[in-house]
file protein.cif (mmCIF, C-alpha atoms and all ligand atoms)
data_data
#
loop_
_atom_site.label_atom_id
_atom_site.label_comp_id
_atom_site.auth_asym_id
_atom_site.auth_seq_id
_atom_site.Cartn_x
_atom_site.Cartn_y
_atom_site.Cartn_z
CA MET A 153 -49.31 -16.56 45.42
CA LYS A 154 -49.66 -13.20 43.61
CA THR A 155 -50.30 -13.42 39.88
CA ASP A 156 -51.24 -10.90 37.18
CA PHE A 157 -54.64 -12.53 36.81
CA GLU A 158 -56.44 -15.18 38.76
CA ILE A 159 -57.69 -16.77 35.57
CA ALA A 160 -56.27 -16.39 32.05
CA VAL A 161 -58.58 -17.53 29.26
CA ILE A 162 -56.79 -18.26 26.00
CA GLY A 163 -59.15 -17.44 23.13
CA GLY A 164 -62.09 -15.08 22.83
CA GLY A 165 -64.60 -17.19 20.94
CA PRO A 166 -67.91 -18.32 22.43
CA ALA A 167 -66.21 -20.83 24.74
CA GLY A 168 -63.68 -18.33 26.08
CA LEU A 169 -66.21 -15.52 26.47
CA THR A 170 -68.61 -17.79 28.35
CA ALA A 171 -65.85 -19.18 30.58
CA ALA A 172 -64.86 -15.60 31.43
CA VAL A 173 -68.45 -14.66 32.26
CA TYR A 174 -68.87 -17.61 34.63
CA ALA A 175 -65.50 -17.13 36.33
CA ALA A 176 -66.04 -13.38 36.70
CA ARG A 177 -69.50 -13.90 38.19
CA ALA A 178 -67.87 -16.27 40.68
CA GLY A 179 -65.78 -13.31 41.85
CA HIS A 180 -62.44 -13.85 40.11
CA THR A 181 -60.27 -11.52 38.02
CA VAL A 182 -60.19 -12.77 34.47
CA THR A 183 -58.44 -11.74 31.30
CA ILE A 184 -59.04 -13.13 27.86
CA LEU A 185 -55.88 -13.40 25.77
CA GLU A 186 -56.93 -13.06 22.15
CA GLY A 187 -54.68 -12.81 19.12
CA ALA A 188 -57.20 -11.23 16.75
CA ALA A 189 -60.79 -10.10 17.32
CA CYS A 190 -63.03 -11.64 19.96
CA GLY A 191 -65.84 -13.76 18.54
CA GLY A 192 -63.83 -16.58 17.00
CA GLN A 193 -65.53 -18.47 14.20
CA MET A 194 -68.79 -16.62 14.89
CA LEU A 195 -67.22 -13.68 13.06
CA LEU A 196 -66.98 -15.84 9.93
CA ALA A 197 -70.64 -16.86 10.01
CA HIS A 198 -72.99 -14.81 7.88
CA GLU A 199 -76.07 -16.03 9.72
CA ILE A 200 -76.48 -18.37 12.66
CA GLU A 201 -79.75 -20.24 12.83
CA ASN A 202 -79.17 -22.90 15.47
CA TYR A 203 -78.13 -21.02 18.56
CA PRO A 204 -81.04 -21.31 20.99
CA GLY A 205 -82.99 -18.12 21.51
CA PHE A 206 -82.25 -16.70 18.07
CA THR A 207 -84.13 -17.89 15.02
CA LYS A 208 -81.54 -16.06 12.95
CA ILE A 209 -78.69 -13.79 14.02
CA ALA A 210 -75.59 -12.46 12.25
CA GLY A 211 -72.40 -14.00 13.62
CA TYR A 212 -70.82 -10.63 14.45
CA ALA A 213 -73.98 -9.54 16.30
CA LEU A 214 -73.95 -12.61 18.55
CA ALA A 215 -70.22 -12.11 19.15
CA ASP A 216 -70.85 -8.43 20.06
CA GLN A 217 -73.49 -9.38 22.60
CA MET A 218 -71.25 -11.98 24.22
CA MET A 219 -68.38 -9.49 24.41
CA GLU A 220 -70.61 -6.80 25.89
CA GLN A 221 -71.72 -9.21 28.61
CA ALA A 222 -68.11 -10.14 29.46
CA ASN A 223 -67.09 -6.45 29.52
CA SER A 224 -69.98 -5.59 31.82
CA LEU A 225 -68.59 -8.05 34.36
CA GLY A 226 -65.12 -6.50 34.34
CA VAL A 227 -63.43 -9.14 32.18
CA SER A 228 -60.36 -7.59 30.54
CA ILE A 229 -59.24 -8.43 27.03
CA THR A 230 -55.51 -8.60 26.36
CA TYR A 231 -54.82 -8.61 22.63
CA ALA A 232 -51.85 -10.92 22.32
CA GLN A 233 -50.88 -14.09 20.52
CA VAL A 234 -50.01 -16.80 23.03
CA ASP A 235 -46.71 -18.54 22.24
CA SER A 236 -46.40 -20.83 25.24
CA VAL A 237 -47.86 -21.80 28.56
CA THR A 238 -45.73 -23.23 31.37
CA LYS A 239 -46.50 -24.17 34.95
CA GLU A 240 -44.31 -24.01 38.02
CA ASP A 241 -45.75 -24.93 41.42
CA ASP A 242 -49.27 -23.47 41.33
CA ARG A 243 -48.47 -20.65 38.94
CA PHE A 244 -48.91 -20.59 35.16
CA THR A 245 -46.86 -18.31 32.95
CA VAL A 246 -48.32 -17.37 29.59
CA LEU A 247 -45.76 -16.03 27.15
CA CYS A 248 -46.94 -13.69 24.38
CA GLY A 249 -44.01 -12.44 22.30
CA SER A 250 -41.85 -10.31 24.60
CA LYS A 251 -44.54 -10.11 27.28
CA SER A 252 -45.51 -12.67 29.86
CA TYR A 253 -48.47 -12.93 32.20
CA THR A 254 -48.95 -15.06 35.28
CA ALA A 255 -52.19 -16.71 36.35
CA SER A 256 -53.31 -19.25 38.93
CA ALA A 257 -55.58 -21.05 36.47
CA VAL A 258 -55.71 -21.20 32.67
CA ILE A 259 -58.66 -22.04 30.48
CA VAL A 260 -57.61 -23.06 26.97
CA ALA A 261 -60.37 -22.02 24.57
CA ALA A 262 -58.12 -21.39 21.61
CA GLY A 263 -60.44 -22.85 18.97
CA ALA A 264 -58.90 -24.30 15.87
CA LYS A 265 -57.31 -22.93 12.73
CA HIS A 266 -58.63 -23.68 9.25
CA ARG A 267 -57.45 -26.86 7.59
CA THR A 268 -55.64 -26.39 4.29
CA LEU A 269 -55.90 -28.57 1.20
CA ASP A 270 -52.12 -28.69 0.86
CA VAL A 271 -52.19 -28.64 -2.93
CA PRO A 272 -49.85 -26.74 -5.26
CA GLY A 273 -50.94 -23.11 -5.73
CA GLU A 274 -53.02 -22.92 -2.55
CA ALA A 275 -50.53 -21.00 -0.40
CA GLU A 276 -49.28 -19.00 -3.38
CA PHE A 277 -52.71 -17.53 -4.20
CA ILE A 278 -53.94 -16.74 -0.69
CA GLY A 279 -55.36 -13.23 -0.92
CA ARG A 280 -55.15 -13.39 -4.73
CA GLY A 281 -58.14 -15.62 -5.30
CA VAL A 282 -57.80 -18.23 -2.58
CA SER A 283 -59.77 -17.49 0.59
CA TYR A 284 -60.82 -19.30 3.76
CA CYS A 285 -63.55 -16.80 4.67
CA ALA A 286 -66.55 -16.18 2.42
CA VAL A 287 -68.04 -13.57 4.73
CA CYS A 288 -64.76 -11.60 4.80
CA ASP A 289 -63.82 -11.87 1.12
CA GLY A 290 -67.00 -12.70 -0.79
CA ARG A 291 -67.69 -9.12 -1.83
CA PHE A 292 -64.39 -9.06 -3.80
CA PHE A 293 -65.97 -11.63 -6.12
CA ALA A 294 -69.24 -9.82 -6.84
CA GLY A 295 -70.58 -10.96 -10.23
CA LYS A 296 -67.75 -13.50 -10.65
CA ASP A 297 -67.59 -17.27 -10.83
CA VAL A 298 -66.24 -18.97 -7.72
CA ALA A 299 -65.65 -22.45 -6.35
CA VAL A 300 -66.20 -23.61 -2.78
CA VAL A 301 -64.41 -26.73 -1.51
CA GLY A 302 -65.89 -28.88 1.26
CA GLY A 303 -69.05 -30.70 2.25
CA GLY A 304 -69.72 -29.54 5.82
CA ASN A 305 -71.93 -26.82 7.26
CA THR A 306 -69.32 -24.16 6.58
CA ALA A 307 -68.91 -25.05 2.89
CA LEU A 308 -72.64 -25.19 2.23
CA GLY A 309 -73.27 -22.02 4.23
CA ASP A 310 -70.50 -20.31 2.24
CA ALA A 311 -71.93 -21.54 -1.09
CA ILE A 312 -75.39 -20.20 -0.19
CA TYR A 313 -73.94 -16.89 0.98
CA LEU A 314 -71.79 -16.49 -2.15
CA SER A 315 -74.69 -17.38 -4.47
CA ASN A 316 -76.23 -14.01 -3.54
CA ILE A 317 -73.09 -12.11 -4.50
CA CYS A 318 -71.43 -14.07 -7.29
CA ASN A 319 -72.52 -15.03 -10.78
CA SER A 320 -72.05 -18.72 -10.09
CA VAL A 321 -70.82 -21.02 -7.36
CA THR A 322 -69.40 -24.51 -7.93
CA LEU A 323 -69.29 -26.62 -4.79
CA ILE A 324 -66.64 -29.34 -4.94
CA HIS A 325 -66.88 -32.16 -2.41
CA ARG A 326 -64.75 -35.28 -2.16
CA ARG A 327 -67.59 -37.68 -1.29
CA ASP A 328 -71.01 -38.28 -2.78
CA THR A 329 -72.90 -37.30 0.38
CA PHE A 330 -72.67 -34.15 2.44
CA ARG A 331 -71.67 -33.90 6.08
CA ALA A 332 -73.70 -30.69 6.39
CA ASP A 333 -77.14 -30.53 8.04
CA ARG A 334 -79.94 -31.66 5.73
CA ILE A 335 -81.73 -28.33 6.03
CA LEU A 336 -78.70 -26.62 4.46
CA VAL A 337 -78.38 -29.28 1.74
CA ARG A 338 -82.02 -28.79 0.75
CA ARG A 339 -81.67 -25.02 0.77
CA MET A 340 -78.54 -25.15 -1.38
CA GLU A 341 -80.07 -27.58 -3.87
CA ALA A 342 -82.90 -25.11 -4.50
CA ILE A 343 -80.51 -22.34 -5.61
CA ASP A 344 -80.13 -22.06 -9.37
CA ASN A 345 -76.62 -20.61 -9.57
CA ILE A 346 -75.01 -23.27 -7.36
CA ARG A 347 -73.83 -26.45 -9.00
CA THR A 348 -72.16 -29.34 -7.28
CA VAL A 349 -69.21 -31.50 -8.33
CA MET A 350 -69.24 -34.56 -6.09
CA GLY A 351 -66.65 -37.26 -5.57
CA ALA A 352 -63.90 -34.87 -6.58
CA ARG A 353 -60.69 -33.55 -5.09
CA VAL A 354 -58.85 -30.36 -5.90
CA THR A 355 -55.32 -31.28 -6.88
CA LYS A 356 -53.93 -27.95 -8.07
CA ILE A 357 -54.78 -24.25 -8.12
CA GLU A 358 -53.30 -22.24 -10.93
CA GLY A 359 -53.15 -18.64 -12.06
CA ASP A 360 -50.95 -15.76 -13.06
CA GLN A 361 -50.88 -12.61 -10.90
CA ARG A 362 -54.14 -13.77 -9.37
CA VAL A 363 -56.14 -16.92 -9.66
CA GLN A 364 -57.26 -16.70 -13.27
CA PRO A 365 -60.45 -17.81 -14.96
CA LEU A 366 -58.31 -20.55 -16.46
CA ASP A 367 -57.11 -23.81 -14.98
CA LEU A 368 -58.18 -22.88 -11.53
CA VAL A 369 -59.05 -26.20 -10.12
CA SER A 370 -57.92 -29.51 -11.46
CA VAL A 371 -60.01 -32.28 -10.11
CA ALA A 372 -58.65 -35.78 -10.14
CA GLU A 373 -59.08 -39.02 -8.18
CA SER A 374 -62.76 -38.42 -8.63
CA ALA A 375 -65.90 -40.23 -9.51
CA MET A 376 -65.59 -38.56 -12.91
CA SER A 377 -64.10 -40.53 -15.75
CA GLN A 378 -61.73 -37.70 -16.76
CA PRO A 379 -59.80 -35.26 -14.61
CA MET A 380 -61.53 -31.90 -14.87
CA VAL A 381 -60.27 -28.36 -15.11
CA LEU A 382 -62.66 -25.84 -13.66
CA GLN A 383 -62.52 -22.18 -14.51
CA ALA A 384 -63.20 -19.80 -11.68
CA ASP A 385 -62.11 -16.39 -10.39
CA GLY A 386 -61.78 -17.48 -6.81
CA VAL A 387 -61.81 -20.53 -4.60
CA PHE A 388 -63.15 -20.62 -1.05
CA ILE A 389 -61.69 -23.47 0.96
CA ALA A 390 -63.95 -24.72 3.77
CA VAL A 391 -62.62 -28.14 4.69
CA GLY A 392 -62.84 -27.92 8.46
CA ASN A 393 -60.46 -26.98 11.21
CA VAL A 394 -57.50 -28.39 13.08
CA PRO A 395 -56.38 -27.57 16.62
CA ASP A 396 -53.21 -25.52 17.05
CA LEU A 397 -51.85 -26.38 20.48
CA ALA A 398 -48.09 -26.07 20.11
CA MET A 399 -48.35 -23.49 22.91
CA LEU A 400 -48.83 -26.34 25.40
CA SER A 401 -45.72 -28.31 24.49
CA GLY A 402 -43.94 -27.01 27.61
CA ILE A 403 -46.43 -28.54 30.03
CA ASP A 404 -45.97 -32.15 31.08
CA GLY A 405 -48.97 -34.41 31.32
CA VAL A 406 -51.36 -32.75 28.85
CA GLN A 407 -53.19 -35.45 26.93
CA PHE A 408 -54.20 -35.20 23.26
CA ASP A 409 -56.44 -37.46 21.20
CA GLU A 410 -55.39 -38.84 17.80
CA GLY A 411 -56.72 -35.71 16.07
CA GLY A 412 -54.60 -33.45 18.27
CA TYR A 413 -57.55 -32.23 20.40
CA LEU A 414 -57.19 -31.90 24.18
CA VAL A 415 -58.60 -34.70 26.28
CA THR A 416 -60.51 -33.69 29.42
CA ASP A 417 -62.97 -35.23 31.83
CA GLU A 418 -66.60 -34.16 31.63
CA ARG A 419 -65.79 -31.24 33.94
CA CYS A 420 -63.47 -29.79 31.25
CA ARG A 421 -60.42 -30.54 33.45
CA SER A 422 -57.20 -31.55 31.73
CA LYS A 423 -54.75 -33.89 33.45
CA VAL A 424 -52.85 -30.81 34.68
CA PRO A 425 -54.38 -29.26 37.81
CA GLY A 426 -55.53 -25.71 37.09
CA LEU A 427 -55.56 -26.16 33.31
CA PHE A 428 -59.10 -26.31 31.89
CA VAL A 429 -60.25 -26.71 28.30
CA ALA A 430 -63.35 -25.42 26.51
CA GLY A 431 -64.79 -25.28 23.01
CA ASP A 432 -63.60 -26.64 19.67
CA VAL A 433 -60.14 -27.39 20.98
CA ARG A 434 -61.53 -30.06 23.32
CA SER A 435 -61.83 -33.69 22.22
CA LYS A 436 -65.56 -34.26 21.61
CA ASN A 437 -68.09 -35.14 18.93
CA LEU A 438 -70.13 -32.03 18.33
CA ARG A 439 -68.54 -28.65 17.71
CA GLN A 440 -71.17 -25.94 17.74
CA ILE A 441 -71.59 -22.55 19.38
CA ALA A 442 -74.05 -24.20 21.78
CA THR A 443 -71.50 -26.83 22.83
CA ALA A 444 -68.70 -24.25 23.04
CA VAL A 445 -70.84 -22.18 25.36
CA ALA A 446 -71.67 -25.25 27.46
CA ASP A 447 -67.96 -26.07 27.81
CA GLY A 448 -67.23 -22.45 28.71
CA ALA A 449 -69.81 -22.47 31.50
CA ILE A 450 -68.34 -25.67 32.94
CA ALA A 451 -64.69 -24.62 32.58
CA GLY A 452 -65.33 -21.15 34.07
CA THR A 453 -67.13 -22.66 37.05
CA GLU A 454 -64.53 -25.39 37.56
CA ALA A 455 -61.66 -22.90 37.37
CA ALA A 456 -63.36 -20.71 39.98
CA GLU A 457 -63.83 -23.71 42.28
CA TYR A 458 -60.22 -24.77 41.74
CA LEU A 459 -59.02 -21.31 42.81
CA ASP A 460 -61.29 -21.29 45.84
CA ALA A 461 -59.82 -24.64 46.91
CA LEU A 462 -56.28 -23.39 46.23
CA GLY A 463 -56.95 -20.36 48.43
CA ASN A 464 -58.10 -22.63 51.25
CA LYS A 465 -55.01 -24.83 51.21
P1 LIG B 501 -66.46 -30.16 8.99
O1 LIG B 501 -67.83 -30.36 9.51
O2 LIG B 501 -65.33 -30.88 9.64
O3 LIG B 501 -66.48 -30.49 7.44
C1 LIG B 501 -65.31 -30.43 6.69
C2 LIG B 501 -65.62 -30.85 5.28
O4 LIG B 501 -64.45 -30.72 4.50
C3 LIG B 501 -66.10 -32.29 5.18
O5 LIG B 501 -67.13 -32.39 4.25
C4 LIG B 501 -64.85 -33.02 4.73
O6 LIG B 501 -65.12 -34.10 3.87
C5 LIG B 501 -64.14 -31.98 3.89
N1 LIG B 501 -62.71 -32.16 3.93
C6 LIG B 501 -61.89 -32.31 5.00
N2 LIG B 501 -60.60 -32.41 4.62
C7 LIG B 501 -60.62 -32.32 3.27
C8 LIG B 501 -59.59 -32.36 2.29
N3 LIG B 501 -58.30 -32.48 2.63
N4 LIG B 501 -59.96 -32.23 1.00
C9 LIG B 501 -61.25 -32.09 0.65
N5 LIG B 501 -62.27 -32.05 1.53
C10 LIG B 501 -61.94 -32.16 2.83
O7 LIG B 501 -66.02 -28.62 9.03
P2 LIG B 501 -66.91 -27.29 8.99
O8 LIG B 501 -67.93 -27.38 7.91
O9 LIG B 501 -65.95 -26.16 8.95
O10 LIG B 501 -67.63 -27.28 10.38
C11 LIG B 501 -66.84 -27.33 11.58
C12 LIG B 501 -67.80 -27.47 12.77
O11 LIG B 501 -68.55 -26.27 12.89
C13 LIG B 501 -68.81 -28.60 12.54
O12 LIG B 501 -69.09 -29.19 13.78
C14 LIG B 501 -70.01 -27.88 12.00
O13 LIG B 501 -71.24 -28.53 12.24
C15 LIG B 501 -69.92 -26.55 12.76
N6 LIG B 501 -70.59 -25.52 11.98
C16 LIG B 501 -71.90 -25.35 12.21
C17 LIG B 501 -72.60 -24.41 11.51
C18 LIG B 501 -74.04 -24.28 11.77
O14 LIG B 501 -74.59 -25.11 12.47
N7 LIG B 501 -74.72 -23.30 11.27
C19 LIG B 501 -71.96 -23.62 10.54
C20 LIG B 501 -70.62 -23.82 10.31
C21 LIG B 501 -69.94 -24.79 11.02
P3 LIG B 501 -65.80 -35.46 4.42
O15 LIG B 501 -67.23 -35.11 4.65
O16 LIG B 501 -65.55 -36.39 3.32
O17 LIG B 501 -65.06 -35.78 5.68
#

call {"tool": "encode", "arguments": {"input": "protein.cif", "output": "structure tokens", "more": "lines below"}}
Ligand code: NAP
result
Amino acid sequence: MKTDFEIAVIGGGPAGLTAAVYAARAGHTVTILEGAACGGQMLLAHEIENYPGFTKIAGYALADQMMEQANSLGVSITYAQVDSVTKEDDRFTVLCGSKSYTASAVIVAAGAKHRTLDVPGEAEFIGRGVSYCAVCDGRFFAGKDVAVVGGGNTALGDAIYLSNICNSVTLIHRRDTFRADRILVRRMEAIDNIRTVMGARVTKIEGDQRVQPLDLVSVAESAMSQPMVLQADGVFIAVGNVPDLAMLSGIDGVQFDEGGYLVTDERCRSKVPGLFVAGDVRSKNLRQIATAVADGAIAGTEAAEYLDALGNK
């Protein structure tokens, strides 16, 4: 059955790029459908220190190298936001706005979008003091006082990164222990212009035209005896990610876990023949570049084998 591509990979992060490399090397035509820039969350990482082979590498540099490798194998990149995926017989149709593409196999490597705090003022001040990306927006706060919300690797990495640019960084975390790796916790604790507010939740973000150095963050329900108002010029929200898989609502039989992540077997196969899953969007315990890449290698190989079997029917 003729299709636009043999394999369509949704998402150009480390999982998608690796899946494309493996499928292309197995001799198939592959396109990556990517809504923004390829690289995924790697583009938001100032420095990556736990990807094997690199003691330290900038996120964009690792992304560039992965993209170059995919390009060298003839993988095409289609810049488009995927709205829906449907399947009829052995053919998938991927709808992107007014355009649609057909493929014999689809690898979903769409990553996850940032989780929001869902407090008053958050949406209102996006781009006016509220940010979800320290590497993208940190320089706008040079010499200023900022807050970072979260207790995972991203929040601590952001706090450390911002401490080099800003006057002060206040890290607000809802529990009294961090989820982040201990090496990051120790590094952060040694930095003079980072202070931590533990056992605290942001309940409101206030301002005027922009987030103002007044009443920025009200912290309540906390371990503190009194609710607290923190003054800051900006707030970086780093409270994890959530999958965004509405695009699959038109396919029967796809299975999600309670967090909304896609359930697969260990070969990255979903319950739908020809639909594979790789990276952060897959139900699993550890979400790292290394595990995204591992998923990508498996999904790319499995998709290639699926197509070979389909061709032999
Ligand atoms: P994460 O590990 O899921 O951590 C999210 C943090 O935000 C947690 O501390 C969580 O608190 C807190 N949080 C969640 N919802 C909240 C809410 N509504 N209000 C306040 N706080 C909230 O997310 P991440 O730090 O973005 O990391 C995502 C994945 O990428 C992880 O697997 C991480 O290891 C990986 N990553 C790795 C690196 C690295 O290795 N260099 C760098 C960045 C990210 P609780 O702790 O109380 O749940």

call {"tool": "residues_around", "arguments": {"input": "protein.cif", "residues": "stretch 281-292 of chain A", "least_positions_apart": "5", "cutoff": "7 Å", "atoms": "all atoms listed in the file", "output": "ChimeraX atom specification"}}
result
/A:196-198,274,310,314,317,362-363,385-390

call {"tool": "residues_near_point", "arguments": {"input": "protein.cif", "point": "(-64.7, -10.7, 40.4)", "cutoff": "7 Å", "atoms": "only C-alpha atoms", "output": "count of residues only"}}
result
6

call {"tool": "residues_around", "arguments": {"input": "protein.cif", "residues": "A:Met219", "least_positions_apart": "6", "cutoff": "8 Å", "atoms": "only C-alpha atoms", "output": "list of chain:residue names"}}
result
A:Leu169, A:Cys190, A:Gly191

call {"tool": "axis_aligned_box", "arguments": {"input": "protein.cif", "around": "ligand LIG 501 (chain B)", "padding_each_side": "8 Å", "output": "JSON"}}
result
{"center_x": -66.5, "center_y": -29.8, "center_z": 7.2, "size_x": 32.4, "size_y": 29.1, "size_z": 29.1}

call {"tool": "residues_near_ligand", "arguments": {"input": "protein.cif", "ligand": "ligand LIG 501 (chain B)", "cutoff": "8 Å", "atoms": "all atoms listed in the file", "output": "NGL selection string"}}
result
:A and (197 or 199-202 or 266-270 or 301-309 or 325-327 or 329-333 or 353-354 or 390-393 or 437-441)

call {"tool": "closest_atom_pairs", "arguments": {"input": "protein.cif", "of": "stretch 331-422 of chain A", "to": "stretch 233-250 of chain A", "cutoff": "6 Å", "atoms": "all atoms listed in the file", "output": "Markdown table"}}
result
| residue | atom | partner | partner_atom | distance |
| --- | --- | --- | --- | --- |
| A:Met399 | CA | A:Ser236 | CA | 4.0 |
| A:Leu400 | CA | A:Val237 | CA | 5.6 |
| A:Gly402 | CA | A:Thr238 | CA | 5.6 |
| A:Ile403 | CA | A:Thr238 | CA | 5.5 |

call {"tool": "atom_distance", "arguments": {"input": "protein.cif", "atom1": "atom CA of A:Val173", "atom2": "atom CA of A:Gln221"}}
result
7.3 Å

call {"tool": "atom_distance", "arguments": {"input": "protein.cif", "atom1": "atom CA of A:Met350", "atom2": "atom CA of A:Leu323"}}
result
8.0 Å

call {"tool": "atom_distance", "arguments": {"input": "protein.cif", "atom1": "atom CA of A:Tyr458", "atom2": "atom CA of A:Tyr231"}}
result
25.6 Å

call {"tool": "closest_residue", "arguments": {"input": "protein.cif", "among": "A:Met380, A:Leu462, A:Val258, A:Ala171", "to": "A:Ser422", "atoms": "all atoms listed in the file"}}
result
A:Val258

call {"tool": "build_atoms", "arguments": {"input": "protein.cif", "residues": "stretch 275-293 of chain A", "atoms": "N, CA, C and O atoms", "output": "short mmCIF file (atom, residue, chain, number, x, y, z; two decimals), in the coordinates of the input"}}
result
data_model
loop_
_atom_site.label_atom_id
_atom_site.label_comp_id
_atom_site.auth_asym_id
_atom_site.auth_seq_id
_atom_site.Cartn_x
_atom_site.Cartn_y
_atom_site.Cartn_z
N ALA A 275 -51.19 -22.03 -1.22
CA ALA A 275 -50.53 -21.00 -0.40
C ALA A 275 -50.17 -19.79 -1.26
O ALA A 275 -50.33 -18.64 -0.84
N GLU A 276 -49.74 -20.06 -2.48
CA GLU A 276 -49.28 -19.00 -3.38
C GLU A 276 -50.39 -17.97 -3.67
O GLU A 276 -50.13 -16.78 -3.78
N PHE A 277 -51.63 -18.44 -3.78
CA PHE A 277 -52.71 -17.53 -4.20
C PHE A 277 -53.59 -17.06 -3.05
O PHE A 277 -54.64 -16.48 -3.30
N ILE A 278 -53.15 -17.28 -1.81
CA ILE A 278 -53.94 -16.74 -0.69
C ILE A 278 -53.99 -15.22 -0.83
O ILE A 278 -52.97 -14.56 -1.04
N GLY A 279 -55.20 -14.68 -0.77
CA GLY A 279 -55.36 -13.23 -0.92
C GLY A 279 -55.37 -12.79 -2.37
O GLY A 279 -55.60 -11.63 -2.68
N ARG A 280 -55.13 -13.70 -3.28
CA ARG A 280 -55.15 -13.39 -4.73
C ARG A 280 -56.11 -14.36 -5.42
O ARG A 280 -55.88 -14.79 -6.54
N GLY A 281 -57.15 -14.72 -4.71
CA GLY A 281 -58.14 -15.62 -5.30
C GLY A 281 -58.45 -16.81 -4.41
O GLY A 281 -59.51 -17.40 -4.52
N VAL A 282 -57.53 -17.15 -3.53
CA VAL A 282 -57.80 -18.23 -2.58
C VAL A 282 -58.17 -17.61 -1.24
O VAL A 282 -57.45 -16.74 -0.74
N SER A 283 -59.31 -18.05 -0.69
CA SER A 283 -59.77 -17.49 0.59
C SER A 283 -60.30 -18.61 1.48
O SER A 283 -60.76 -19.64 0.99
N TYR A 284 -60.25 -18.36 2.78
CA TYR A 284 -60.82 -19.30 3.76
C TYR A 284 -62.01 -18.66 4.46
O TYR A 284 -62.51 -19.21 5.42
N CYS A 285 -62.47 -17.52 3.98
CA CYS A 285 -63.55 -16.80 4.67
C CYS A 285 -64.47 -16.12 3.67
O CYS A 285 -64.15 -15.04 3.17
N ALA A 286 -65.61 -16.74 3.40
CA ALA A 286 -66.55 -16.18 2.42
C ALA A 286 -67.14 -14.86 2.91
O ALA A 286 -67.30 -13.92 2.14
N VAL A 287 -67.43 -14.79 4.21
CA VAL A 287 -68.04 -13.57 4.73
C VAL A 287 -67.05 -12.40 4.64
O VAL A 287 -67.43 -11.28 4.33
N CYS A 288 -65.76 -12.69 4.87
CA CYS A 288 -64.76 -11.60 4.80
C CYS A 288 -64.48 -11.18 3.35
O CYS A 288 -64.34 -10.01 3.06
N ASP A 289 -64.36 -12.15 2.46
CA ASP A 289 -63.82 -11.87 1.12
C ASP A 289 -64.82 -11.97 -0.02
O ASP A 289 -64.49 -11.62 -1.16
N GLY A 290 -66.03 -12.46 0.28
CA GLY A 290 -67.00 -12.70 -0.79
C GLY A 290 -67.27 -11.50 -1.67
O GLY A 290 -67.38 -11.60 -2.89
N ARG A 291 -67.33 -10.31 -1.05
CA ARG A 291 -67.69 -9.12 -1.83
C ARG A 291 -66.64 -8.80 -2.91
O ARG A 291 -66.93 -8.12 -3.88
N PHE A 292 -65.40 -9.29 -2.76
CA PHE A 292 -64.39 -9.06 -3.80
C PHE A 292 -64.70 -9.84 -5.07
O PHE A 292 -64.06 -9.65 -6.09
N PHE A 293 -65.66 -10.76 -4.97
CA PHE A 293 -65.97 -11.63 -6.12
C PHE A 293 -67.39 -11.38 -6.64
O PHE A 293 -67.98 -12.24 -7.26
#
